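Shown here: start29.cif, mmCIF, C-alpha atoms.
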```
data_data
loop_
_atom_site.label_atom_id
_atom_site.label_comp_id
_atom_site.auth_asym_id
_atom_site.auth_seq_id
_atom_site.Cartn_x
_atom_site.Cartn_y
_atom_site.Cartn_z
CA MET P 185 60.00 37.90 138.21
CA LYS P 186 62.20 36.51 135.47
CA ARG P 187 59.77 37.80 132.86
CA PHE P 188 59.81 41.24 134.47
CA LYS P 189 63.62 41.33 134.33
CA THR P 190 63.59 40.25 130.67
CA ASN P 191 61.05 42.97 129.82
CA THR P 192 63.02 45.62 131.71
CA PHE P 193 66.20 44.58 129.93
CA ALA P 194 64.43 44.69 126.56
CA PHE P 195 63.01 48.12 127.39
CA PHE P 196 66.41 49.62 128.19
CA VAL P 197 68.03 48.05 125.12
CA SER P 198 65.22 49.50 122.97
CA CYS P 199 65.66 52.93 124.55
CA GLY P 200 69.39 52.77 123.92
CA LEU P 201 68.90 51.76 120.28
CA LEU P 202 66.28 54.48 119.82
CA ALA P 203 68.57 57.11 121.31
CA PHE P 204 71.42 55.92 119.10
CA SER P 205 69.28 55.93 115.96
CA VAL P 206 67.84 59.38 116.74
CA ASN P 207 71.36 60.71 117.35
CA SER P 208 72.61 59.12 114.14
CA ALA P 209 69.69 60.45 112.15
CA TYR P 210 70.41 64.03 113.26
CA SER P 211 74.19 64.03 113.20
CA THR P 212 76.22 64.88 110.15
CA GLY P 213 79.94 64.58 110.02
CA PHE P 214 82.96 65.24 107.88
CA ASN P 215 83.03 61.52 106.93
CA ASN P 216 86.78 61.59 107.38
CA GLY P 217 87.04 58.78 109.92
CA ILE P 218 87.70 61.16 112.81
CA SER P 219 85.30 61.23 115.73
CA GLY P 220 85.16 62.46 119.30
CA LYS P 221 84.99 65.97 120.61
CA LYS P 222 87.91 68.20 119.69
CA THR P 223 88.66 71.61 121.15
CA VAL P 224 89.76 74.00 118.43
CA VAL P 225 91.54 77.19 119.47
CA LEU P 226 91.89 80.06 116.99
CA ASN P 227 95.51 80.38 116.02
CA ASN P 228 97.13 82.93 113.69
CA LYS P 229 99.93 80.46 113.00
CA VAL P 230 97.44 78.38 111.01
CA SER P 231 96.52 81.49 109.00
CA ASP P 232 95.56 85.10 109.70
CA ASN P 233 92.24 85.34 111.49
CA GLN P 234 90.36 88.31 110.11
CA ILE P 235 86.89 89.75 110.13
CA LYS P 236 85.89 92.29 107.49
CA PHE P 237 82.96 94.65 107.79
CA TYR P 238 81.18 96.62 105.10
CA SER P 239 78.72 99.48 105.38
CA LYS P 240 76.88 100.80 102.34
CA ALA P 241 75.20 104.18 102.62
CA PRO P 242 74.26 106.95 100.16
CA ALA P 243 77.10 109.25 101.34
CA GLU P 244 79.87 106.67 101.36
CA ASP P 245 80.80 103.02 101.53
CA ILE P 246 82.95 101.99 104.46
CA GLU P 247 85.13 98.93 104.48
CA GLY P 248 87.18 97.80 107.43
CA ALA P 249 88.81 94.88 109.14
CA ALA P 250 89.52 93.57 112.61
CA ASN P 251 92.40 91.35 113.62
CA GLY P 252 91.93 91.16 117.40
CA ILE P 253 90.05 87.90 117.21
CA ASP P 254 90.04 85.25 119.89
CA GLY P 255 88.01 82.16 120.50
CA SER P 256 87.64 78.45 120.67
CA PHE P 257 85.03 75.88 119.88
CA ILE P 258 84.30 72.22 120.50
CA ILE P 259 83.58 70.19 117.42
CA ASP P 260 82.93 66.51 116.92
CA PRO P 261 83.90 65.65 113.34
CA SER P 262 81.27 62.90 113.34
CA ASN P 263 78.54 65.18 114.73
CA VAL P 264 78.99 68.74 113.52
CA GLU P 265 75.52 69.75 114.74
CA ALA P 266 76.77 69.59 118.34
CA THR P 267 79.43 72.25 117.78
CA THR P 268 79.58 74.94 120.45
CA GLY P 269 82.01 77.79 120.90
CA THR P 270 82.73 81.43 121.59
CA PHE P 271 84.37 84.00 119.33
CA THR P 272 85.33 87.49 120.39
CA VAL P 273 86.49 90.53 118.45
CA ALA P 274 88.21 93.41 120.23
CA ILE P 275 86.42 96.58 119.07
CA LYS P 276 89.66 98.57 119.37
CA SER P 277 91.23 96.33 116.71
CA MET P 278 88.65 97.43 114.13
CA LYS P 279 90.18 99.68 111.49
CA SER P 280 88.56 101.51 108.59
CA GLY P 281 91.42 103.66 107.28
CA ILE P 282 90.45 106.86 109.12
CA GLU P 283 91.73 107.06 112.69
CA MET P 284 89.19 109.70 113.72
CA ARG P 285 86.33 107.58 112.38
CA ASP P 286 87.68 104.51 114.20
CA LYS P 287 87.68 106.49 117.45
CA HIS P 288 84.10 107.63 116.83
CA MET P 289 83.12 104.02 116.02
CA GLN P 290 84.47 102.93 119.41
CA GLY P 291 82.62 105.73 121.22
CA PRO P 292 79.46 105.49 123.34
CA GLU P 293 77.15 106.58 120.48
CA TRP P 294 78.28 103.67 118.35
CA LEU P 295 79.87 100.44 119.60
CA GLY P 296 80.55 101.57 123.17
CA ALA P 297 83.98 99.96 123.48
CA ASP P 298 84.60 101.37 126.98
CA LYS P 299 81.62 99.51 128.45
CA ASN P 300 81.72 96.48 126.15
CA PRO P 301 85.22 96.13 124.71
CA ASP P 302 84.46 92.95 122.76
CA ILE P 303 81.88 91.81 120.27
CA LYS P 304 81.03 88.22 121.11
CA TYR P 305 79.31 85.40 119.26
CA VAL P 306 78.40 82.34 121.30
CA VAL P 307 77.52 79.42 119.05
CA THR P 308 75.11 76.92 120.58
CA LYS P 309 74.62 74.55 117.66
CA ILE P 310 74.88 74.15 113.91
CA ILE P 311 71.83 73.24 111.89
CA ASP P 312 71.24 72.11 108.30
CA VAL P 313 74.69 70.51 108.11
CA GLN P 314 75.66 69.04 104.75
CA THR P 315 78.86 67.28 103.85
CA VAL P 316 80.28 69.05 100.79
CA SER P 317 83.39 66.96 100.23
CA SER P 318 85.58 64.44 101.98
CA ASP P 319 88.88 63.32 100.57
CA LYS P 320 91.89 61.76 102.32
CA GLY P 321 90.82 63.15 105.68
CA LYS P 322 90.34 66.70 104.45
CA ALA P 323 86.64 67.44 104.51
CA VAL P 324 84.26 70.35 104.07
CA VAL P 325 80.81 70.81 105.55
CA LYS P 326 78.27 73.59 105.25
CA GLY P 327 75.65 74.54 107.78
CA ILE P 328 74.04 77.37 109.69
CA ALA P 329 75.54 78.39 113.02
CA VAL P 330 72.99 79.39 115.62
CA GLY P 331 74.10 81.51 118.51
CA ASN P 332 73.83 84.68 120.52
CA PHE P 333 75.56 87.78 119.21
CA PHE P 334 76.60 90.24 121.91
CA LEU P 335 77.12 93.83 120.80
CA ASN P 336 76.78 97.12 122.67
CA GLY P 337 75.50 95.23 125.73
CA VAL P 338 72.65 93.64 123.78
CA ALA P 339 72.34 89.93 122.99
CA LYS P 340 70.41 88.71 119.97
CA GLU P 341 70.20 85.35 118.25
CA ILE P 342 71.89 85.37 114.87
CA LYS P 343 72.00 82.56 112.35
CA ALA P 344 75.15 82.59 110.25
CA PRO P 345 75.83 80.33 107.28
CA VAL P 346 79.19 78.64 107.82
CA THR P 347 81.60 76.56 105.77
CA ILE P 348 83.89 74.45 107.92
CA THR P 349 86.98 72.77 106.51
CA TYR P 350 88.73 70.10 108.56
CA VAL P 351 92.29 69.06 107.77
CA PRO P 352 93.86 66.29 109.87
CA GLU P 353 97.37 66.83 111.22
CA SER P 354 100.09 66.03 108.70
CA ASP P 355 103.70 66.91 107.97
CA ALA P 356 102.46 69.97 106.06
CA THR P 357 100.29 71.22 108.95
CA ARG P 358 103.00 70.56 111.56
CA LYS P 359 105.20 73.14 109.78
CA LYS P 360 102.71 75.77 110.92
CA ALA P 361 101.25 74.44 114.18
CA ASP P 362 100.42 71.24 116.05
CA GLY P 363 97.02 69.57 115.80
CA ASP P 364 94.31 69.16 113.20
CA PHE P 365 93.47 72.37 111.34
CA VAL P 366 89.99 73.83 111.07
CA MET P 367 88.91 76.78 108.94
CA VAL P 368 85.55 78.48 109.45
CA GLN P 369 84.23 80.90 106.83
CA THR P 370 81.06 82.86 107.33
CA GLU P 371 79.09 85.82 106.03
CA PHE P 372 76.17 87.41 107.82
CA LYS P 373 74.49 90.74 108.48
CA VAL P 374 74.15 92.79 111.64
CA VAL P 375 71.25 95.25 111.87
CA LEU P 376 72.45 98.20 113.97
CA LYS P 377 69.07 99.06 115.50
CA ASP P 378 68.76 95.48 116.82
CA PHE P 379 71.66 96.32 119.11
CA ASN P 380 70.44 99.81 120.08
CA ILE P 381 73.11 101.50 117.95
CA ALA P 382 71.71 104.79 116.75
CA GLY P 383 74.94 106.73 116.23
CA LYS P 384 74.88 110.48 115.81
CA LYS P 385 71.50 111.85 114.74
CA GLY P 386 70.79 111.20 111.08
CA MET P 387 74.01 109.33 110.35
CA VAL P 388 72.60 105.81 110.24
CA GLY P 389 71.03 105.44 106.82
CA SER P 390 72.94 108.36 105.28
CA LYS P 391 76.65 107.97 106.13
CA VAL P 392 76.51 104.57 107.80
CA GLY P 393 74.39 101.69 106.53
CA ASP P 394 71.46 100.36 108.60
CA THR P 395 72.96 96.94 108.11
CA ILE P 396 76.60 95.96 108.38
CA ASP P 397 77.83 93.03 106.31
CA ILE P 398 80.31 90.78 108.06
CA LYS P 399 82.72 88.35 106.44
CA ALA P 400 84.99 86.21 108.58
CA ASN P 401 87.81 83.80 107.94
CA LEU P 402 88.74 81.99 111.12
CA TYR P 403 91.53 79.48 111.53
CA GLY P 404 92.32 77.21 114.43
CA ALA P 405 94.05 74.05 115.49
CA THR P 406 92.92 71.26 117.80
CA LYS P 407 94.53 71.12 121.23
CA MET K 445 101.61 144.43 96.99
CA ASN K 446 101.60 142.55 93.71
CA TRP K 447 98.03 141.18 93.72
CA LYS K 448 98.42 139.55 90.30
CA ILE K 449 101.23 137.29 91.53
CA ILE K 450 99.25 136.38 94.65
CA GLY K 451 96.26 135.56 92.42
CA ILE K 452 98.33 133.37 90.11
CA ILE K 453 99.98 131.55 93.03
CA SER K 454 96.56 130.97 94.65
CA PHE K 455 95.05 129.46 91.49
CA VAL K 456 98.11 127.33 90.76
CA THR K 457 98.16 126.05 94.37
CA ALA K 458 94.42 125.30 94.21
CA MET K 459 94.96 123.34 90.98
CA ALA K 460 97.90 121.47 92.53
CA ILE K 461 95.75 120.49 95.51
CA ALA K 462 92.97 119.37 93.16
CA GLY K 463 95.53 117.29 91.25
CA TRP K 464 96.82 115.77 94.49
CA TRP K 465 93.22 114.96 95.50
CA ILE K 466 92.58 113.23 92.15
CA ALA K 467 95.90 111.37 92.37
CA ASP K 468 94.93 110.11 95.84
CA GLY K 469 91.76 108.55 94.47
CA ALA K 470 89.33 111.51 94.55
CA GLN K 471 87.85 110.40 97.86
CA ILE K 472 85.28 112.30 99.88
CA TYR K 473 87.11 111.90 103.19
CA SER K 474 90.85 112.12 103.91
CA LYS K 475 92.34 108.89 105.19
CA ASP K 476 95.29 108.32 107.52
CA GLN K 477 95.85 104.76 106.41
CA ARG K 478 96.01 103.03 103.05
CA LYS K 479 94.26 99.72 102.57
CA GLU K 480 96.47 96.94 101.25
CA THR K 481 94.76 93.81 100.06
CA VAL K 482 96.94 90.74 100.29
CA LYS K 483 95.85 87.61 98.46
CA VAL K 484 96.78 84.54 100.48
CA LYS K 485 96.88 81.19 98.75
CA ASP K 486 96.60 78.46 101.34
CA GLU K 487 97.93 75.14 100.10
CA ILE K 488 96.69 73.23 103.14
CA PHE K 489 93.06 74.34 102.88
CA GLY K 490 93.20 74.78 99.10
CA THR K 491 91.75 78.27 99.26
CA GLU K 492 92.67 81.76 98.17
CA THR K 493 91.54 84.44 100.57
CA GLU K 494 92.01 88.19 100.75
CA THR K 495 93.44 89.75 103.87
CA ILE K 496 93.23 93.49 104.46
CA LYS K 497 96.06 95.41 106.07
CA TYR K 498 96.14 99.10 106.86
CA VAL K 499 99.45 100.92 106.60
CA ASP K 500 100.05 104.52 107.67
CA ASP K 501 99.77 106.68 104.55
CA PHE K 502 97.87 109.96 104.33
CA GLN K 503 95.43 110.24 101.41
CA LEU K 504 93.93 113.64 100.70
CA GLY K 505 90.15 113.73 100.62
CA LEU K 506 87.68 116.54 99.95
CA LEU K 507 86.81 116.66 103.63
CA PRO K 508 88.11 118.00 105.86
CA HIS K 509 91.13 119.11 103.83
CA ALA K 510 90.94 119.57 100.03
CA ALA K 511 87.58 121.32 99.64
CA PRO K 512 88.15 124.07 102.25
CA MET K 513 91.73 124.64 101.02
CA ILE K 514 90.73 124.83 97.35
CA GLY K 515 87.75 127.03 98.23
CA ALA K 516 89.89 129.46 100.25
CA LEU K 517 92.58 129.62 97.55
CA VAL K 518 90.04 130.23 94.77
CA LEU K 519 88.48 133.03 96.83
CA LEU K 520 91.91 134.53 97.54
CA GLY K 521 92.83 134.26 93.84
CA ALA K 522 89.60 135.94 92.74
CA PHE K 523 90.01 138.67 95.34
CA SER K 524 93.64 139.21 94.26
CA PHE K 525 92.73 139.53 90.58
CA LEU K 526 89.94 141.97 91.42
CA LYS K 527 92.37 144.03 93.49
CA ALA K 528 94.97 143.97 90.70
CA ARG K 529 92.35 144.98 88.13
CA ARG K 530 91.12 147.86 90.31
CA ARG K 531 94.69 149.07 90.84
CA ASP K 532 95.36 148.92 87.05
CA THR K 533 92.18 150.94 86.42
CA ILE K 534 93.12 153.61 89.01
CA MET K 535 96.66 153.91 87.62
#
```
Rewrite the structure of this file - the entire thing - as structure tokens.
Amino acid sequence: MKRFKTNTFAFFVSCGLLAFSVNSAYSTGFNNGISGKKTVVLNNKVSDNQIKFYSKAPAEDIEGAANGIDGSFIIDPSNVEATTGTFTVAIKSMKSGIEMRDKHMQGPEWLGADKNPDIKYVVTKIIDVQTVSSDKGKAVVKGIAVGNFFLNGVAKEIKAPVTITYVPESDATRKKADGDFVMVQTEFKVVLKDFNIAGKKGMVGSKVGDTIDIKANLYGATK
Amino acid sequence: MNWKIIGIISFVTAMAIAGWWIADGAQIYSKDQRKETVKVKDEIFGTETETIKYVDDFQLGLLPHAAPMIGALVLLGAFSFLKARRRDTIM
């Protein structure tokens, strides 16, 4: 009986050690001495959250920006892979310099803002995380965010390369907002046909690019 | 009616519109807003990023404004000169 108890104890200890080692082997952090899950909420006081979009087509190049960005994510500075979060962009905040074009862009043939007013990206994990730098608490990691992109009522998995910069709270940060600061920078492409966006007949490919390039600078602070 | 004066005014106006179009960046489409790029240097993150802002400012483009206006004025100018020439010939 005693031997059985000893073996059971040894088994559970081994399992625990194995789980710990597996977790350690697959977790990459900022190496800034901060650990534990933090909820980061996007905050324009940290800096202006903005998403830019670019369309290249034979007839014209379109450049625009959106400022109606909301979102939050949970990040563990010692295990960036486990990051999860949701980001939304209000379609009606997207501007391209021509009011009429913006209205068409929001219409049912394009982004369908009446039915789906927001574009959403739900991040489920970050893979291929690499620590770029870590100095006096401020640290930068790179990785690939994996998540579902919701546009025009269609969800599709998109992988987006991200650079995440973590700055612990200091006198300098407190002048802007409370909490640790986090900046997320990303660039990725959205293929319009993947989201059933056909536009007016013949426009995609001639006046609007098949693929839209997205660049985002997102800023938040921990709660 | 002094067709010659109408012709001259039409051509001058067409040239003025073309000049305005060039001055506004010779764009294909008219724009209601002007893009302003603001460079933001962030001391905390140590980065310099560009933020785009759109401010209300009409910029004349070929479509739907400059091209039809210039076209109509050139046609009117040509018609006026033809009329003036015909009248000179008759007189």
Hey, list the chain K side of the contact with chain P: 9 Å cut-off, all atoms listed in the file, answer as an NGL selection string.
:K and (472-479 or 486 or 488-489 or 493 or 495-500)
Could you give me, as a PyMOL selection string, the residues within 9 Å of P:Lys391, counting only C-alpha atoms and dropping anything in the same chain fewer than 5 positions from it?
chain P and resi 239-246+386
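Across the chains present, the PyMOL selection byres ((chain K and resi 446) around 12) applied to this file returns Met445, Trp447, Lys448, Ile449, Ile450, Gly451, Ile452, Ile453, Ser524, Phe525, Leu526, Lys527, Ala528, Arg529, Arg531 and Asp532 of chain K.
Evaluating the PyMOL selection byres ((chain P and resi 306-313) around 9) against the shown model yields Ser211, Thr212, Gly213, Phe257, Val264, Glu265, Ala266, Thr267, Thr268, Gly269, Thr270, Phe271, Thr272, Lys304, Tyr305, Gln314, Thr315, Val325, Lys326, Gly327, Ile328, Ala329, Val330, Gly331, Asn332, Phe333, Phe334 and Val346 of chain P.
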Taking the file as shown, find all residues satisfying the PyMOL selection byres ((chain P and resi 338) around 12) and write them as a list in words.
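Given this file, the PyMOL selection byres ((chain P and resi 338) around 12) evaluates to Leu295, Gly296, Lys299, Asn300, Asp302, Ile303, Lys304, Tyr305, Asn332, Phe333, Phe334, Leu335, Asn336, Gly337, Ala339, Lys340, Glu341, Leu376, Lys377, Asp378, Phe379, Asn380 and Ile381 of chain P.
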Who sits within 12 Å of K:Leu507, all atoms listed in the file, same chain under 2 positions skipped, as a PDB file with C-alpha atoms, keeping the file's coordinate frame:
```pdb
ATOM      1  CA  ILE P 282      90.450 106.860 109.120  1.00  0.00           C
TER       2      ILE P 282
ATOM      3  CA  TRP K 465      93.220 114.960  95.500  1.00  0.00           C
ATOM      4  CA  ALA K 470      89.330 111.510  94.550  1.00  0.00           C
ATOM      5  CA  GLN K 471      87.850 110.400  97.860  1.00  0.00           C
ATOM      6  CA  ILE K 472      85.280 112.300  99.880  1.00  0.00           C
ATOM      7  CA  TYR K 473      87.110 111.900 103.190  1.00  0.00           C
ATOM      8  CA  SER K 474      90.850 112.120 103.910  1.00  0.00           C
ATOM      9  CA  LYS K 475      92.340 108.890 105.190  1.00  0.00           C
ATOM     10  CA  GLN K 503      95.430 110.240 101.410  1.00  0.00           C
ATOM     11  CA  LEU K 504      93.930 113.640 100.700  1.00  0.00           C
ATOM     12  CA  GLY K 505      90.150 113.730 100.620  1.00  0.00           C
ATOM     13  CA  HIS K 509      91.130 119.110 103.830  1.00  0.00           C
ATOM     14  CA  ALA K 510      90.940 119.570 100.030  1.00  0.00           C
ATOM     15  CA  ALA K 511      87.580 121.320  99.640  1.00  0.00           C
ATOM     16  CA  PRO K 512      88.150 124.070 102.250  1.00  0.00           C
ATOM     17  CA  MET K 513      91.730 124.640 101.020  1.00  0.00           C
ATOM     18  CA  ILE K 514      90.730 124.830  97.350  1.00  0.00           C
ATOM     19  CA  GLY K 515      87.750 127.030  98.230  1.00  0.00           C
TER      20      GLY K 515
END
```
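Restricting the calculation to only C-alpha atoms, the smallest distance between P:Ser262 and any of P:Arg358, P:Lys407, P:Lys222, P:Lys320 is found for P:Lys222.
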One decimal, in Å: what's the spacing between atom CA of P:Lys385 and atom CA of P:Glu371?
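Going from atom CA of P:Lys385 over to atom CA of P:Glu371, I get 28.5 Å.
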Between P:Ser317, P:Asn263, P:Thr395, P:Gln290, which is the closest to P:Ile218 once you count only C-alpha atoms?
P:Asn263
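Atom pair atom CA of P:Ser318 / atom CA of P:Lys399 has a distance of 24.5 Å (rounded to one decimal).
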As an exercise, work out the distance from atom CA of P:Gly220 to atom CA of P:Val273 in Å and give it to one decimal place.
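Between these atoms lies a distance of 28.1 Å.
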